[in-house]
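A.B. asks: Contents are mmCIF, C-alpha atoms; file name query.cif:
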```cif
data_coords
#
loop_
_atom_site.label_atom_id
_atom_site.label_comp_id
_atom_site.auth_asym_id
_atom_site.auth_seq_id
_atom_site.Cartn_x
_atom_site.Cartn_y
_atom_site.Cartn_z
CA MET Y 48 -19.77 194.91 -121.89
CA ASN Y 49 -23.38 195.37 -123.00
CA VAL Y 50 -24.87 191.90 -122.57
CA SER Y 51 -27.97 192.77 -124.58
CA GLN Y 52 -25.81 193.18 -127.70
CA ARG Y 53 -24.41 189.68 -127.35
CA ILE Y 54 -27.60 187.73 -126.91
CA PRO Y 55 -27.98 185.50 -129.99
CA TYR Y 56 -31.80 185.53 -130.06
CA ARG Y 57 -34.26 188.30 -130.70
CA TYR Y 58 -37.40 186.62 -129.35
CA MET Y 59 -37.13 184.15 -126.48
CA VAL Y 60 -39.80 182.46 -124.41
CA VAL Y 61 -39.52 180.74 -121.05
CA GLU Y 62 -42.04 177.92 -120.66
CA GLY Y 63 -42.91 175.26 -118.12
CA ASN Y 64 -45.73 173.63 -116.27
CA ILE Y 65 -47.70 175.41 -113.53
CA GLY Y 66 -45.25 176.33 -110.77
CA ALA Y 67 -42.08 175.74 -112.79
CA GLY Y 68 -40.71 179.27 -112.27
CA LYS Y 69 -41.05 180.52 -115.84
CA THR Y 70 -42.26 184.02 -114.92
CA SER Y 71 -39.41 184.52 -112.44
CA LEU Y 72 -36.81 183.50 -115.03
CA ALA Y 73 -38.41 185.59 -117.78
CA ASN Y 74 -38.27 188.64 -115.51
CA ILE Y 75 -34.61 188.04 -114.70
CA LEU Y 76 -33.61 187.47 -118.33
CA SER Y 77 -35.43 190.61 -119.42
CA ILE Y 78 -33.54 192.70 -116.87
CA VAL Y 79 -30.15 191.12 -117.61
CA HIS Y 80 -30.52 191.45 -121.38
CA ASN Y 81 -32.44 194.75 -121.40
CA THR Y 82 -35.40 193.47 -123.44
CA GLU Y 83 -39.10 194.08 -123.62
CA LEU Y 84 -41.13 191.66 -121.50
CA VAL Y 85 -44.52 190.05 -122.10
CA LEU Y 86 -46.06 188.15 -119.17
CA GLU Y 87 -49.30 186.23 -119.15
CA SER Y 88 -52.11 188.10 -117.38
CA PHE Y 89 -53.79 184.99 -115.98
CA ALA Y 90 -54.78 186.69 -112.72
CA GLU Y 91 -57.40 188.72 -114.60
CA ASN Y 92 -59.12 185.64 -116.04
CA THR Y 93 -62.34 185.24 -114.09
CA PHE Y 94 -62.84 181.68 -115.38
CA LEU Y 95 -59.66 180.33 -113.77
CA PRO Y 96 -60.87 179.90 -110.16
CA GLN Y 97 -64.15 178.50 -111.50
CA PHE Y 98 -62.27 176.01 -113.66
CA TYR Y 99 -60.26 174.62 -110.76
CA ALA Y 100 -63.48 174.23 -108.75
CA GLN Y 101 -65.57 172.75 -111.63
CA PRO Y 102 -63.23 171.80 -114.50
CA GLU Y 103 -65.77 170.02 -116.71
CA ARG Y 104 -68.14 172.98 -116.65
CA PHE Y 105 -65.67 175.81 -117.16
CA ALA Y 106 -62.87 174.27 -119.26
CA PHE Y 107 -64.18 175.48 -122.62
CA PRO Y 108 -64.82 179.15 -121.71
CA LEU Y 109 -61.48 179.20 -119.87
CA GLU Y 110 -59.49 177.90 -122.84
CA MET Y 111 -61.28 180.14 -125.33
CA SER Y 112 -60.72 183.23 -123.19
CA PHE Y 113 -57.04 182.39 -122.77
CA LEU Y 114 -56.73 181.84 -126.53
CA ALA Y 115 -58.06 185.32 -127.26
CA GLU Y 116 -56.04 187.01 -124.53
CA ARG Y 117 -52.77 185.31 -125.45
CA TYR Y 118 -53.12 186.06 -129.14
CA GLN Y 119 -53.85 189.73 -128.53
CA GLN Y 120 -51.05 190.11 -126.00
CA ILE Y 121 -48.36 188.39 -128.07
CA HIS Y 122 -49.47 190.09 -131.31
CA GLN Y 123 -49.19 193.53 -129.71
CA ALA Y 124 -45.82 192.73 -128.11
CA GLN Y 125 -44.39 191.41 -131.38
CA ALA Y 126 -45.67 194.43 -133.31
CA HIS Y 127 -43.94 196.72 -130.82
CA MET Y 128 -40.75 194.66 -131.12
CA GLU Y 129 -40.77 195.10 -134.90
CA GLN Y 130 -41.44 198.83 -134.63
CA THR Y 131 -38.61 199.45 -132.16
CA GLY Y 132 -36.13 196.90 -133.48
CA GLY Y 133 -35.68 195.60 -129.95
CA LYS Y 134 -35.73 192.18 -128.34
CA LEU Y 135 -38.56 190.40 -126.55
CA ILE Y 136 -38.82 187.81 -123.78
CA GLY Y 137 -42.08 186.15 -122.75
CA ASP Y 138 -43.23 183.59 -120.21
CA TYR Y 139 -45.43 181.49 -122.50
CA ILE Y 140 -45.65 180.22 -126.07
CA PHE Y 141 -48.89 180.75 -127.95
CA GLU Y 142 -49.12 176.97 -128.47
CA LYS Y 143 -49.66 176.68 -124.72
CA SER Y 144 -53.35 177.25 -125.45
CA ARG Y 145 -53.54 174.15 -127.62
CA LEU Y 146 -51.51 172.02 -125.22
CA PHE Y 147 -53.75 172.86 -122.28
CA ALA Y 148 -56.88 172.38 -124.39
CA ASP Y 149 -55.67 168.91 -125.36
CA VAL Y 150 -55.73 168.03 -121.66
CA THR Y 151 -58.88 169.86 -120.54
CA LEU Y 152 -61.21 169.48 -123.55
CA SER Y 153 -62.55 166.62 -125.63
CA GLY Y 154 -65.04 165.88 -128.40
CA ALA Y 155 -66.84 168.75 -130.09
CA GLU Y 156 -65.41 171.36 -127.73
CA LEU Y 157 -61.84 170.38 -128.54
CA GLU Y 158 -62.64 170.32 -132.27
CA LEU Y 159 -64.15 173.81 -132.16
CA PHE Y 160 -61.26 175.15 -130.10
CA SER Y 161 -58.74 173.66 -132.54
CA ARG Y 162 -60.48 175.32 -135.49
CA PHE Y 163 -60.12 178.75 -133.89
CA PHE Y 164 -56.53 178.06 -132.87
CA HIS Y 165 -55.43 177.08 -136.37
CA MET Y 166 -57.22 180.09 -137.87
CA ILE Y 167 -55.07 182.57 -135.95
CA GLU Y 168 -51.75 180.89 -135.08
CA GLY Y 169 -50.14 181.82 -138.40
CA GLY Y 170 -50.29 185.51 -137.52
CA LEU Y 171 -47.62 185.19 -134.84
CA ARG Y 172 -43.84 184.89 -135.04
CA LYS Y 173 -42.29 181.73 -133.61
CA PRO Y 174 -39.72 182.16 -130.81
CA ASP Y 175 -36.04 182.00 -131.76
CA LEU Y 176 -35.48 180.06 -128.53
CA ILE Y 177 -37.84 178.24 -126.16
CA ILE Y 178 -36.43 177.65 -122.67
CA TYR Y 179 -38.45 174.92 -120.99
CA LEU Y 180 -38.08 174.49 -117.22
CA HIS Y 181 -38.84 170.85 -116.54
CA LYS Y 182 -39.80 169.92 -112.98
CA SER Y 183 -41.24 166.77 -111.48
CA THR Y 184 -44.81 166.93 -110.22
CA PRO Y 185 -43.78 166.91 -106.51
CA SER Y 186 -41.55 169.92 -107.15
CA LEU Y 187 -44.35 171.72 -108.99
CA LEU Y 188 -46.78 171.07 -106.13
CA LYS Y 189 -44.23 172.35 -103.63
CA ASN Y 190 -43.85 175.61 -105.57
CA ILE Y 191 -47.60 175.97 -106.01
CA ALA Y 192 -48.11 175.58 -102.26
CA LYS Y 193 -45.28 178.03 -101.53
CA ARG Y 194 -46.68 180.87 -103.62
CA GLY Y 195 -50.07 180.44 -101.96
CA ARG Y 196 -52.63 181.28 -104.63
CA GLU Y 197 -55.84 180.00 -103.11
CA TYR Y 198 -57.46 178.74 -106.31
CA GLU Y 199 -54.31 176.79 -107.28
CA GLN Y 200 -54.40 174.67 -104.13
CA GLN Y 201 -57.10 172.55 -105.79
CA ILE Y 202 -54.76 171.44 -108.61
CA LYS Y 203 -54.44 167.64 -108.73
CA PRO Y 204 -51.13 165.82 -109.35
CA ASP Y 205 -52.56 163.88 -112.30
CA TYR Y 206 -53.46 167.17 -114.04
CA LEU Y 207 -49.85 168.33 -113.75
CA ASP Y 208 -48.65 164.92 -114.94
CA ARG Y 209 -50.76 165.14 -118.08
CA LEU Y 210 -49.64 168.70 -118.81
CA SER Y 211 -45.97 167.74 -118.46
CA GLU Y 212 -46.45 164.80 -120.81
CA ARG Y 213 -48.18 167.00 -123.38
CA TYR Y 214 -45.46 169.66 -123.21
CA LEU Y 215 -42.69 167.09 -123.68
CA ASP Y 216 -44.47 165.39 -126.59
CA TYR Y 217 -44.89 168.72 -128.31
CA LEU Y 218 -41.37 170.03 -127.73
CA GLN Y 219 -39.73 166.79 -128.85
CA GLY Y 220 -41.46 167.18 -132.22
CA LEU Y 221 -40.19 170.72 -132.91
CA ASN Y 222 -37.26 169.90 -135.16
CA SER Y 223 -37.18 173.35 -136.77
CA GLN Y 224 -37.09 175.39 -133.54
CA ARG Y 225 -34.44 175.73 -130.83
CA ILE Y 226 -35.54 174.31 -127.49
CA LEU Y 227 -33.39 174.38 -124.37
CA LEU Y 228 -34.92 171.96 -121.87
CA ILE Y 229 -33.50 172.47 -118.37
CA ASP Y 230 -34.09 169.81 -115.72
CA SER Y 231 -34.66 172.14 -112.80
CA ASP Y 232 -35.74 170.17 -109.73
CA GLU Y 233 -32.46 171.09 -108.02
CA LEU Y 234 -32.15 174.52 -109.66
CA ASP Y 235 -32.82 177.70 -107.67
CA PHE Y 236 -31.91 180.67 -109.87
CA VAL Y 237 -33.81 183.10 -107.61
CA GLU Y 238 -31.98 182.41 -104.34
CA ARG Y 239 -28.65 181.02 -105.56
CA PRO Y 240 -26.56 183.34 -107.79
CA GLU Y 241 -24.34 180.47 -108.94
CA HIS Y 242 -27.39 178.68 -110.33
CA LEU Y 243 -28.49 181.84 -112.14
CA ARG Y 244 -25.04 182.15 -113.72
CA LEU Y 245 -25.37 178.60 -115.02
CA VAL Y 246 -28.71 179.43 -116.65
CA LEU Y 247 -27.45 182.70 -118.12
CA ASP Y 248 -24.48 180.87 -119.62
CA LEU Y 249 -26.73 178.22 -121.15
CA VAL Y 250 -28.96 180.86 -122.75
CA MET Y 251 -25.98 182.60 -124.36
CA ARG Y 252 -24.78 179.45 -126.12
CA PRO Y 253 -25.87 179.20 -129.77
CA LEU Y 254 -27.99 176.09 -130.30
CA GLU Y 255 -28.91 174.05 -133.33
CA PRO Y 256 -32.63 173.54 -134.10
CA GLY Y 257 -34.22 170.76 -132.10
CA LEU Y 258 -34.35 169.90 -128.42
CA THR Y 259 -31.26 170.21 -126.23
CA ARG Y 260 -31.72 168.80 -122.72
CA VAL Y 261 -29.41 169.79 -119.88
CA ASN Y 262 -29.17 169.24 -116.12
CA PRO Y 263 -26.93 172.08 -114.94
CA VAL Y 264 -26.70 171.17 -111.22
#
```
Is it possible to express this structure as C-alpha coordinates?
C.D. replies:
Amino acid sequence: MNVSQRIPYRYMVVEGNIGAGKTSLANILSIVHNTELVLESFAENTFLPQFYAQPERFAFPLEMSFLAERYQQIHQAQAHMEQTGGKLIGDYIFEKSRLFADVTLSGAELELFSRFFHMIEGGLRKPDLIIYLHKSTPSLLKNIAKRGREYEQQIKPDYLDRLSERYLDYLQGLNSQRILLIDSDELDFVERPEHLRLVLDLVMRPLEPGLTRVNPV
(Lines of atoms letter the chains of each structure in order from A and count residues from 1; the text may use other names and numbers.)
(Lines give C-alpha, C1' and ligand atoms only; values in the text may rest on other atoms or scores of the structure.)
Protein backbone atom coordinates (compact mmCIF):
# COMPACT_ATOMS: atom_id res chain seq x y z
CA MET A 1 0.00 0.00 0.00
CA ASN A 2 1.32 3.45 -0.91
CA VAL A 3 1.15 5.34 2.38
CA SER A 4 1.66 8.71 0.70
CA GLN A 5 -1.70 8.32 -1.07
CA ARG A 6 -3.52 7.83 2.21
CA ILE A 7 -2.18 10.77 4.16
CA PRO A 8 -5.12 13.13 4.77
CA TYR A 9 -3.08 16.36 4.71
CA ARG A 10 -1.17 18.06 1.94
CA TYR A 11 0.92 20.45 4.06
CA MET A 12 1.99 19.42 7.55
CA VAL A 13 4.36 21.06 9.99
CA VAL A 14 6.08 19.61 13.04
CA GLU A 15 6.68 22.22 15.73
CA GLY A 16 8.06 22.36 19.25
CA ASN A 17 10.37 24.22 21.54
CA ILE A 18 14.16 24.10 21.17
CA GLY A 19 15.24 20.48 21.60
CA ALA A 20 11.78 18.95 21.21
CA GLY A 21 12.74 16.68 18.30
CA LYS A 22 10.73 18.40 15.57
CA THR A 23 13.40 18.11 12.86
CA SER A 24 13.89 14.39 13.53
CA LEU A 25 10.15 13.73 13.28
CA ALA A 26 9.74 15.89 10.17
CA ASN A 27 12.52 13.92 8.46
CA ILE A 28 10.90 10.62 9.37
CA LEU A 29 7.43 11.68 8.25
CA SER A 30 8.78 12.97 4.95
CA ILE A 31 10.45 9.63 4.23
CA VAL A 32 7.45 7.54 5.30
CA HIS A 33 4.95 9.60 3.32
CA ASN A 34 7.23 10.42 0.36
CA THR A 35 6.83 14.20 0.59
CA GLU A 36 8.96 17.24 -0.04
CA LEU A 37 10.73 18.50 3.07
CA VAL A 38 11.53 22.03 4.25
CA LEU A 39 13.85 22.35 7.26
CA GLU A 40 14.90 25.53 8.98
CA SER A 41 18.47 26.56 8.11
CA PHE A 42 19.26 28.05 11.52
CA ALA A 43 22.88 26.87 11.47
CA GLU A 44 23.67 29.49 8.81
CA ASN A 45 22.37 32.39 10.91
CA THR A 46 25.45 34.23 12.15
CA PHE A 47 23.41 36.15 14.75
CA LEU A 48 22.37 33.03 16.68
CA PRO A 49 25.57 32.39 18.68
CA GLN A 50 25.83 36.14 19.33
CA PHE A 51 22.25 36.23 20.59
CA TYR A 52 22.80 33.46 23.13
CA ALA A 53 25.92 35.28 24.38
CA GLN A 54 24.35 38.80 24.41
CA PRO A 55 20.56 38.47 23.97
CA GLU A 56 19.62 42.11 24.57
CA ARG A 57 22.08 43.34 21.95
CA PHE A 58 21.42 40.83 19.19
CA ALA A 59 17.74 39.89 19.62
CA PHE A 60 16.39 42.33 17.03
CA PRO A 61 18.80 41.51 14.16
CA LEU A 62 18.37 37.81 14.95
CA GLU A 63 14.57 37.91 14.78
CA MET A 64 14.53 40.08 11.65
CA SER A 65 16.99 37.81 9.85
CA PHE A 66 14.98 34.73 10.79
CA LEU A 67 11.79 36.44 9.60
CA ALA A 68 13.28 37.06 6.16
CA GLU A 69 14.86 33.61 5.87
CA ARG A 70 11.74 31.74 6.98
CA TYR A 71 9.46 33.64 4.65
CA GLN A 72 11.69 33.06 1.64
CA GLN A 73 12.19 29.39 2.44
CA ILE A 74 8.53 28.57 3.05
CA HIS A 75 7.36 30.66 0.08
CA GLN A 76 9.69 28.80 -2.28
CA ALA A 77 8.75 25.39 -0.85
CA GLN A 78 5.03 26.11 -1.14
CA ALA A 79 5.42 27.39 -4.70
CA HIS A 80 7.20 24.16 -5.63
CA MET A 81 4.46 22.14 -3.92
CA GLU A 82 1.80 23.89 -6.02
CA GLN A 83 3.78 23.40 -9.23
CA THR A 84 4.31 19.68 -8.67
CA GLY A 85 1.01 18.87 -6.98
CA GLY A 86 2.92 17.09 -4.24
CA LYS A 87 2.86 17.18 -0.47
CA LEU A 88 5.08 19.12 1.93
CA ILE A 89 6.31 18.63 5.50
CA GLY A 90 8.24 21.26 7.44
CA ASP A 91 9.81 21.61 10.87
CA TYR A 92 8.50 25.09 11.72
CA ILE A 93 5.48 27.32 11.24
CA PHE A 94 6.04 30.82 9.93
CA GLU A 95 4.35 32.19 13.07
CA LYS A 96 7.34 30.89 15.01
CA SER A 97 9.03 34.20 14.18
CA ARG A 98 6.33 36.17 15.97
CA LEU A 99 6.22 33.83 18.95
CA PHE A 100 9.96 34.07 19.53
CA ALA A 101 9.91 37.83 19.01
CA ASP A 102 7.21 38.15 21.67
CA VAL A 103 9.69 36.60 24.11
CA THR A 104 12.94 38.25 22.99
CA LEU A 105 11.81 41.76 21.98
CA SER A 106 9.91 44.60 23.60
CA GLY A 107 8.91 48.22 23.02
CA ALA A 108 9.71 49.85 19.68
CA GLU A 109 11.68 46.86 18.42
CA LEU A 110 8.76 44.51 18.92
CA GLU A 111 6.38 47.01 17.31
CA LEU A 112 8.60 47.36 14.24
CA PHE A 113 9.06 43.61 13.97
CA SER A 114 5.31 43.05 14.21
CA ARG A 115 4.67 45.54 11.39
CA PHE A 116 6.97 43.62 9.05
CA PHE A 117 5.51 40.29 10.12
CA HIS A 118 1.92 41.31 9.42
CA MET A 119 2.91 42.80 6.06
CA ILE A 120 4.11 39.46 4.71
CA GLU A 121 2.31 36.67 6.60
CA GLY A 122 -0.70 36.70 4.27
CA GLY A 123 1.43 35.49 1.38
CA LEU A 124 1.86 32.03 2.86
CA ARG A 125 -0.47 29.04 3.04
CA LYS A 126 -1.43 27.81 6.51
CA PRO A 127 -0.58 24.19 7.38
CA ASP A 128 -3.36 21.61 7.10
CA LEU A 129 -1.98 20.04 10.28
CA ILE A 130 0.40 21.30 12.97
CA ILE A 131 2.02 18.57 15.07
CA TYR A 132 3.35 20.11 18.26
CA LEU A 133 5.80 18.07 20.34
CA HIS A 134 5.36 19.27 23.90
CA LYS A 135 8.20 18.56 26.33
CA SER A 136 8.92 19.81 29.82
CA THR A 137 11.88 22.15 30.24
CA PRO A 138 14.08 19.48 31.93
CA SER A 139 13.51 17.18 28.95
CA LEU A 140 14.34 19.98 26.51
CA LEU A 141 17.57 20.79 28.38
CA LYS A 142 18.53 17.11 28.35
CA ASN A 143 18.10 16.94 24.57
CA ILE A 144 19.95 20.22 24.06
CA ALA A 145 22.90 18.91 26.09
CA LYS A 146 22.81 15.58 24.23
CA ARG A 147 23.08 17.08 20.75
CA GLY A 148 26.02 19.21 21.88
CA ARG A 149 25.73 22.45 19.93
CA GLU A 150 28.13 24.71 21.76
CA TYR A 151 26.15 27.94 21.45
CA GLU A 152 22.98 26.25 22.75
CA GLN A 153 24.58 25.31 26.06
CA GLN A 154 24.01 28.91 27.21
CA ILE A 155 20.20 28.59 26.94
CA LYS A 156 18.52 29.31 30.27
CA PRO A 157 15.56 27.28 31.62
CA ASP A 158 13.40 30.40 32.03
CA TYR A 159 13.83 31.19 28.31
CA LEU A 160 12.51 27.75 27.40
CA ASP A 161 9.67 28.16 29.92
CA ARG A 162 8.57 31.41 28.31
CA LEU A 163 8.74 29.95 24.80
CA SER A 164 6.65 26.94 25.82
CA GLU A 165 4.04 29.21 27.39
CA ARG A 166 3.89 31.37 24.26
CA TYR A 167 3.53 28.36 21.97
CA LEU A 168 0.70 26.90 24.05
CA ASP A 169 -1.14 30.22 24.26
CA TYR A 170 -0.95 30.60 20.51
CA LEU A 171 -1.95 27.04 19.60
CA GLN A 172 -4.90 27.01 21.99
CA GLY A 173 -6.33 30.01 20.14
CA LEU A 174 -6.21 28.42 16.66
CA ASN A 175 -9.79 27.25 16.38
CA SER A 176 -9.75 27.13 12.58
CA GLN A 177 -6.61 24.98 12.20
CA ARG A 178 -5.90 21.36 13.12
CA ILE A 179 -3.34 20.99 15.89
CA LEU A 180 -2.14 17.65 17.23
CA LEU A 181 -0.35 18.32 20.51
CA ILE A 182 1.68 15.29 21.62
CA ASP A 183 2.99 15.14 25.19
CA SER A 184 6.36 13.62 24.42
CA ASP A 185 8.50 13.51 27.56
CA GLU A 186 8.35 9.71 27.51
CA LEU A 187 8.24 9.40 23.71
CA ASP A 188 11.29 8.22 21.76
CA PHE A 189 10.26 7.80 18.12
CA VAL A 190 13.91 7.69 16.97
CA GLU A 191 15.10 4.73 19.05
CA ARG A 192 11.84 2.88 19.74
CA PRO A 193 9.91 1.64 16.67
CA GLU A 194 6.75 1.05 18.71
CA HIS A 195 6.70 4.72 19.69
CA LEU A 196 7.14 5.75 16.06
CA ARG A 197 4.19 3.55 15.07
CA LEU A 198 2.06 5.34 17.65
CA VAL A 199 2.98 8.72 16.19
CA LEU A 200 2.42 7.58 12.59
CA ASP A 201 -1.02 6.28 13.55
CA LEU A 202 -1.93 9.57 15.23
CA VAL A 203 -0.91 11.56 12.16
CA MET A 204 -3.09 9.43 9.89
CA ARG A 205 -6.25 10.05 11.90
CA PRO A 206 -8.48 12.81 10.49
CA LEU A 207 -8.89 15.60 13.03
CA GLU A 208 -11.43 18.35 13.49
CA PRO A 209 -10.17 21.97 13.60
CA GLY A 210 -8.84 23.01 16.99
CA LEU A 211 -6.34 21.53 19.40
CA THR A 212 -6.27 17.80 20.11
CA ARG A 213 -3.93 16.82 22.95
CA VAL A 214 -2.69 13.25 23.35
CA ASN A 215 -0.21 11.35 25.52
CA PRO A 216 0.52 8.20 23.51
CA VAL A 217 2.83 6.42 26.00
A.B. asks: Using all atoms listed in the file, pick whichever of Y:Glu158, Y:Phe164, Y:Met111, Y:Gly66 has the shortest atom-to-atom distance to Arg194 of chain Y.
C.D. replies: Y:Gly66
A.B. asks: Could you pull the residues within 12 Å of segment 219-223 of chain Y, counting all atoms listed in the file, minus those fewer than 2 positions along the same chain, as a ChimeraX atom specification?
C.D. replies: /Y:142,173-177,179,212-217,225-228,254-260
A.B. asks: Taking the file above as input, evaluate the PyMOL selection byres ((chain Y and resi 247) around 10) and report the hits as a PDB file with C-alpha atoms, keeping the file's coordinate frame.
C.D. replies:
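Contents of the output file selection-v3.pdb:
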```
ATOM      1  CA  LEU Y  72     -36.810 183.500-115.030  1.00  0.00           C
ATOM      2  CA  ILE Y  75     -34.610 188.040-114.700  1.00  0.00           C
ATOM      3  CA  LEU Y  76     -33.610 187.470-118.330  1.00  0.00           C
ATOM      4  CA  VAL Y  79     -30.150 191.120-117.610  1.00  0.00           C
ATOM      5  CA  HIS Y  80     -30.520 191.450-121.380  1.00  0.00           C
ATOM      6  CA  PHE Y 236     -31.910 180.670-109.870  1.00  0.00           C
ATOM      7  CA  GLU Y 241     -24.340 180.470-108.940  1.00  0.00           C
ATOM      8  CA  HIS Y 242     -27.390 178.680-110.330  1.00  0.00           C
ATOM      9  CA  LEU Y 243     -28.490 181.840-112.140  1.00  0.00           C
ATOM     10  CA  ARG Y 244     -25.040 182.150-113.720  1.00  0.00           C
ATOM     11  CA  LEU Y 245     -25.370 178.600-115.020  1.00  0.00           C
ATOM     12  CA  VAL Y 246     -28.710 179.430-116.650  1.00  0.00           C
ATOM     13  CA  ASP Y 248     -24.480 180.870-119.620  1.00  0.00           C
ATOM     14  CA  LEU Y 249     -26.730 178.220-121.150  1.00  0.00           C
ATOM     15  CA  VAL Y 250     -28.960 180.860-122.750  1.00  0.00           C
ATOM     16  CA  MET Y 251     -25.980 182.600-124.360  1.00  0.00           C
ATOM     17  CA  ARG Y 252     -24.780 179.450-126.120  1.00  0.00           C
TER      18      ARG Y 252
END
```
A.B. asks: Residues of segment 196-252 of chain Y that have any atom at most 9 Å from an atom of segment 148-156 of chain Y: could you tabulate them with the shortest-distance atom pair and the distance in Å to one decimal, using all atoms listed in the file, ordered by chain and increasing number, as a Markdown table?
C.D. replies:
```
| residue | atom | partner | partner_atom | distance |
| --- | --- | --- | --- | --- |
| Y:Tyr206 | CA | Y:Val150 | CA | 8.0 |
| Y:Arg209 | CA | Y:Val150 | CA | 6.8 |
| Y:Leu210 | CA | Y:Val150 | CA | 6.8 |
| Y:Arg213 | CA | Y:Val150 | CA | 7.8 |
```
A.B. asks: How many Å separate atom CA of Gly137 of chain Y from atom CA of Val60 of chain Y?
C.D. replies: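 Spanning atom CA of Gly137 of chain Y to atom CA of Val60 of chain Y is a straight-line distance of 4.6 Å.
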A.B. asks: Do you have the atom CA of Phe94 of chain Y-atom CA of Leu109 of chain Y distance handy?
C.D. replies: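 Atom CA of Phe94 of chain Y sits 5.3 Å away from atom CA of Leu109 of chain Y.
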A.B. asks: Please, what distance in Å, to one decimal, runs between atom CA of Ser211 of chain Y and atom CA of Tyr118 of chain Y?
C.D. replies: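 So the answer is 22.4 Å.
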A.B. asks: Quick one: apply the PyMOL selection byres ((chain Y and resi 204) around 12) to the file and drop the selected residues here as a list in words.
C.D. replies: Asn64, Ile65, Ser183, Thr184, Pro185, Ser186, Leu187, Leu188, Lys189, Ile191, Glu199, Gln200, Gln201, Ile202, Lys203, Asp205, Tyr206, Leu207, Asp208, Arg209, Leu210 and Ser211 of chain Y
A.B. asks: Would you mind telling me which residue in Y:Leu159, Y:Ala126, Y:Leu114, Y:Val85 lies nearest to Ser144 of chain Y when using only C-alpha atoms?
C.D. replies: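 The shortest atom-to-atom distance to Ser144 of chain Y comes from Y:Leu114.
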A.B. asks: As JSON, what would the box around segment 126-142 of chain Y look like: edges along x, y and z, 3 Å added on every side, centre and edge lengths in Å to one decimal?
C.D. replies:
```
{"center_x": -42.4, "center_y": 188.2, "center_z": -127.6, "size_x": 19.4, "size_y": 28.5, "size_z": 20.7}
```
A.B. asks: Name the residues in contact with Glu168 of chain Y at a cut-off of 12 Å, using only C-alpha atoms, excluding same-chain residues fewer than 3 positions from it; report them as a list in words.
C.D. replies: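 Here the qualifying residues turn out to be Leu114, Ala115, Arg117, Tyr118, Gln119, Ile121, His122, Ile140, Phe141, Glu142, Lys143, Ser144, Arg145, Ser161, Arg162, Phe163, Phe164, His165, Leu171, Arg172 and Lys173 of chain Y.
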A.B. asks: Pick from Y:Pro240, Y:Pro55, Y:Gly133, Y:Gly63: nearest to Leu180 of chain Y, with all atoms listed in the file counted?
C.D. replies: Y:Gly63
A.B. asks: Take the PyMOL selection byres ((chain Y and resi 90) around 12), apply it to the structure above, and return the hits as a PyMOL selection string.
C.D. replies: chain Y and resi 86-89+91-96+113+116+196-199
A.B. asks: Kindly provide, as a PyMOL selection string, the polymer residues lying within 7 Å of (-40.3, 191.2, -129.3), counting all atoms listed in the file and using the coordinates exactly as they appear in the file.
C.D. replies: chain Y and resi 57-58+83+124-125+127-129+133-136
A.B. asks: Pick from Y:Leu157, Y:Ile178, Y:Val237, Y:Ile54: nearest to Ala106 of chain Y, with all atoms listed in the file counted?
C.D. replies: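 Among the listed residues, Y:Leu157 lies closest to Ala106 of chain Y.
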